[in-house]
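Encoded as structure tokens, the structure appears first; notes follow it.
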Amino acid sequence: MAVIEAELVSRTPGLARLVEHHGPCRFRSRRAAVADHFEALAAAIVHQQLAGRAAAAIWARVRALAPGGFVAQHVVALEPAALRSAGLSAAKAAAMADLAQRVADGSLDLAQVAGLDDEDVVARLSQVRGIGRWTAQMFLIFSLGRLDVWPTGDLGVRRGYAVIHGLAQTPGPAALETMGDVARPWRSVLAWYCWRALEGVPLDRVGGLPDLPTGR
């Protein structure tokens, strides 16, 4: 058991079986290169409020629109109708176009953003149409490998936390914010195990949770 996981288990005994089953948290070994940051944010936009399989299918169609490489310079040239035909809503197509335009014209420098602290990353990315706190937090965890992000707005994290702790009710975002303090400064790792806690759990135990977004 890795040092961080061992420390979290000592603070939260309910994690022991998850750590034993899944091993060390894996997102830390997948920190993305700067060249991949645009694609990661685009994928996160697609996954917003969608079940994993549906989002994955739409993302595959969107990504295929830029066969030369899913980079801002290619995406900015796409017509809105093309993005819509791939399955994006009007709002998500507009968000994708805004992200591509900002990255292509240099007004959003993702290499510079990657060097900011967590809250500044959230604030900077939230200036892009359609990107809010959840999307920015997924970027922090899975692209930048930040260890102390606590996405209390993520329903999977809240329900997984309830499973780990044997809670009868899923905590709300405000309650979960305080509950996560015990895991500082490794709350991202706890969030990862919260998602893992829902794998194989009957849906009626967690209120009918839909498939989780991919990439976790």
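FYI, nothing fancy with the structure tokens labels: chains A, B, ... in order, residues from 1 per chain, ligands from 1 as they appear.
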- Task: For segment 59-67 of chain A, list every protein, DNA or RNA residue within 7 Å, evaluated using only C-alpha atoms, and leave out those in the same chain fewer than 2 positions away; present the list as number ranges by chain.
- Result: A: 43, 46, 55-57, 69-70, 74-75, 83, 86
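The protein and nucleic acid residues lying at most 12 Å from Ser107 of chain A are Asp98, Leu99, Ala100, Gln101, Arg102, Val103, Ala104, Leu110, Ala111, Gln112, Val113, Arg124, Leu125, Gln127 and Val128 of chain A, with only C-alpha atoms considered and sequence neighbours fewer than 3 positions away removed.
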Same residues, N, CA and C atoms, output as an mmCIF file, in the first residue's frame:
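For reference, again-v1.cif as written:
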data_model
loop_
_atom_site.group_PDB
_atom_site.id
_atom_site.type_symbol
_atom_site.label_atom_id
_atom_site.label_comp_id
_atom_site.auth_asym_id
_atom_site.auth_seq_id
_atom_site.Cartn_x
_atom_site.Cartn_y
_atom_site.Cartn_z
ATOM 1 N N ASP A 98 -16.018 28.258 -28.195
ATOM 2 C CA ASP A 98 -15.392 29.326 -27.407
ATOM 3 C C ASP A 98 -14.041 28.882 -26.871
ATOM 4 N N LEU A 99 -13.974 27.657 -26.361
ATOM 5 C CA LEU A 99 -12.695 27.130 -25.876
ATOM 6 C C LEU A 99 -11.668 27.105 -27.007
ATOM 7 N N ALA A 100 -12.064 26.595 -28.171
ATOM 8 C CA ALA A 100 -11.137 26.502 -29.297
ATOM 9 C C ALA A 100 -10.654 27.879 -29.729
ATOM 10 N N GLN A 101 -11.568 28.839 -29.790
ATOM 11 C CA GLN A 101 -11.195 30.183 -30.211
ATOM 12 C C GLN A 101 -10.199 30.818 -29.243
ATOM 13 N N ARG A 102 -10.459 30.684 -27.955
ATOM 14 C CA ARG A 102 -9.575 31.296 -26.948
ATOM 15 C C ARG A 102 -8.182 30.672 -26.973
ATOM 16 N N VAL A 103 -8.128 29.352 -27.147
ATOM 17 C CA VAL A 103 -6.820 28.693 -27.191
ATOM 18 C C VAL A 103 -6.105 29.030 -28.497
ATOM 19 N N ALA A 104 -6.840 29.048 -29.602
ATOM 20 C CA ALA A 104 -6.225 29.327 -30.901
ATOM 21 C C ALA A 104 -5.675 30.752 -30.989
ATOM 22 N N LEU A 110 -2.988 27.540 -22.056
ATOM 23 C CA LEU A 110 -3.155 26.412 -21.154
ATOM 24 C C LEU A 110 -1.854 26.013 -20.469
ATOM 25 N N ALA A 111 -0.719 26.299 -21.075
ATOM 26 C CA ALA A 111 0.555 26.047 -20.409
ATOM 27 C C ALA A 111 0.693 26.968 -19.200
ATOM 28 N N GLN A 112 0.270 28.216 -19.355
ATOM 29 C CA GLN A 112 0.327 29.165 -18.244
ATOM 30 C C GLN A 112 -0.690 28.797 -17.171
ATOM 31 N N VAL A 113 -1.881 28.388 -17.603
ATOM 32 C CA VAL A 113 -2.917 27.988 -16.651
ATOM 33 C C VAL A 113 -2.429 26.827 -15.796
ATOM 34 N N ARG A 124 -9.753 30.879 -13.838
ATOM 35 C CA ARG A 124 -9.328 31.178 -15.215
ATOM 36 C C ARG A 124 -10.146 30.370 -16.216
ATOM 37 N N LEU A 125 -10.331 29.094 -15.967
ATOM 38 C CA LEU A 125 -11.076 28.263 -16.910
ATOM 39 C C LEU A 125 -12.556 28.604 -16.914
ATOM 40 N N GLN A 127 -13.852 31.333 -17.103
ATOM 41 C CA GLN A 127 -14.127 32.431 -18.023
ATOM 42 C C GLN A 127 -14.562 31.924 -19.398
ATOM 43 N N VAL A 128 -14.282 30.654 -19.656
ATOM 44 C CA VAL A 128 -14.688 30.048 -20.929
ATOM 45 C C VAL A 128 -16.162 29.682 -20.845
#
Could you pull the residues within 10 Å of Ser188 of chain A, counting only C-alpha atoms, minus those fewer than 6 positions along the same chain, as a JSON list (two decimals) with N, CA and C atoms, in the first residue's frame?
[["chain", "number", "residue", "atom", "x", "y", "z"],
["A", 25, "CYS", "N", -4.13, 4.62, -5.96],
["A", 25, "CYS", "CA", -4.85, 5.54, -6.84],
["A", 25, "CYS", "C", -4.04, 5.76, -8.11],
["A", 27, "PHE", "N", -4.76, 7.93, -10.93],
["A", 27, "PHE", "CA", -4.75, 9.14, -11.76],
["A", 27, "PHE", "C", -3.43, 9.88, -11.67],
["A", 28, "ARG", "N", -2.69, 9.68, -10.59],
["A", 28, "ARG", "CA", -1.43, 10.40, -10.41],
["A", 28, "ARG", "C", -0.40, 10.01, -11.46],
["A", 137, "GLN", "N", -12.38, 21.27, -12.10],
["A", 137, "GLN", "CA", -11.85, 20.34, -11.11],
["A", 137, "GLN", "C", -11.44, 19.01, -11.74],
["A", 138, "MET", "N", -12.21, 18.53, -12.73],
["A", 138, "MET", "CA", -11.80, 17.32, -13.43],
["A", 138, "MET", "C", -10.46, 17.54, -14.15],
["A", 140, "LEU", "N", -8.13, 19.66, -13.17],
["A", 140, "LEU", "CA", -7.11, 19.70, -12.12],
["A", 140, "LEU", "C", -6.69, 18.29, -11.71],
["A", 141, "ILE", "N", -7.67, 17.41, -11.55],
["A", 141, "ILE", "CA", -7.35, 16.06, -11.07],
["A", 141, "ILE", "C", -6.70, 15.22, -12.16],
["A", 142, "PHE", "N", -7.34, 15.14, -13.32],
["A", 142, "PHE", "CA", -6.93, 14.14, -14.31],
["A", 142, "PHE", "C", -5.92, 14.64, -15.33],
["A", 145, "GLY", "N", -3.01, 16.41, -12.31],
["A", 145, "GLY", "CA", -2.58, 15.53, -11.23],
["A", 145, "GLY", "C", -2.56, 16.18, -9.87],
["A", 146, "ARG", "N", -3.42, 17.17, -9.65],
["A", 146, "ARG", "CA", -3.45, 17.85, -8.36],
["A", 146, "ARG", "C", -4.07, 16.93, -7.29],
["A", 147, "LEU", "N", -3.46, 16.89, -6.13],
["A", 147, "LEU", "CA", -3.82, 15.90, -5.12],
["A", 147, "LEU", "C", -4.88, 16.35, -4.13],
["A", 148, "ASP", "N", -5.16, 17.64, -4.04],
["A", 148, "ASP", "CA", -6.07, 18.10, -2.99],
["A", 148, "ASP", "C", -7.28, 18.83, -3.55],
["A", 149, "VAL", "N", -7.93, 18.23, -4.54],
["A", 149, "VAL", "CA", -9.15, 18.77, -5.13],
["A", 149, "VAL", "C", -10.32, 17.96, -4.59],
["A", 150, "TRP", "N", -11.37, 18.63, -4.18],
["A", 150, "TRP", "CA", -12.51, 17.95, -3.55],
["A", 150, "TRP", "C", -13.79, 18.36, -4.27],
["A", 151, "PRO", "N", -14.19, 17.60, -5.31],
["A", 151, "PRO", "CA", -15.33, 18.00, -6.15],
["A", 151, "PRO", "C", -16.68, 17.65, -5.51],
["A", 180, "GLY", "N", -14.80, 16.23, 4.01],
["A", 180, "GLY", "CA", -13.55, 15.92, 3.33],
["A", 180, "GLY", "C", -12.30, 16.43, 4.01],
["A", 194, "CYS", "N", -13.91, 7.27, -3.91],
["A", 194, "CYS", "CA", -15.37, 7.42, -3.87],
["A", 194, "CYS", "C", -15.98, 6.94, -5.18]]
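As for atom CA of Trp186 of chain A and atom CA of Ala35 of chain A, they are spaced 26.1 Å apart.
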- Message: Residues of chain A classed as helix (DSSP H, G or I) by DSSP on the backbone are to be reported as a ChimeraX atom specification.
- Response: /A:3-11,13-22,27-30,34-47,52-63,72-75,80-85,90-104,110-113,118-125,133-142,155-165,173-183,187-197,203-205
- Query: A:Arg133, A:Asp181, A:Val189, A:Gly87: which is nearest Asp120 of chain A, counting only C-alpha atoms?
  - Reply: A:Arg133
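The coordinates place atom CA of Arg187 of chain A at 11.0 Å from atom CA of Glu5 of chain A.
Nearest to His47 of chain A of all the residues A:Arg26, A:Arg196, A:Arg17, A:Lys92 is A:Lys92, based on only C-alpha atoms.
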For segment 37-41 of chain A: contacts at 7 Å, only C-alpha atoms, fewer than 4 positions along chain excluded, given as an mmCIF file with C-alpha atoms, in the first residue's frame:
data_model
loop_
_atom_site.group_PDB
_atom_site.id
_atom_site.type_symbol
_atom_site.label_atom_id
_atom_site.label_comp_id
_atom_site.auth_asym_id
_atom_site.auth_seq_id
_atom_site.Cartn_x
_atom_site.Cartn_y
_atom_site.Cartn_z
ATOM 1 C CA ALA A 32 -1.272 14.839 -19.197
ATOM 2 C CA ALA A 33 1.225 16.698 -21.354
ATOM 3 C CA ILE A 45 -17.320 19.585 -21.817
ATOM 4 C CA PHE A 70 -7.922 17.376 -32.014
ATOM 5 C CA VAL A 71 -6.244 20.731 -31.521
ATOM 6 C CA ALA A 72 -7.752 24.181 -31.204
ATOM 7 C CA LEU A 110 -3.155 26.412 -21.154
ATOM 8 C CA PHE A 139 -9.009 19.066 -15.348
ATOM 9 C CA SER A 143 -4.809 16.468 -16.441
#
- Task: To one decimal in Å, tell me the separation between atom CA of Ala95 of chain A and atom CA of Arg129 of chain A.
- Result: 5.0 Å
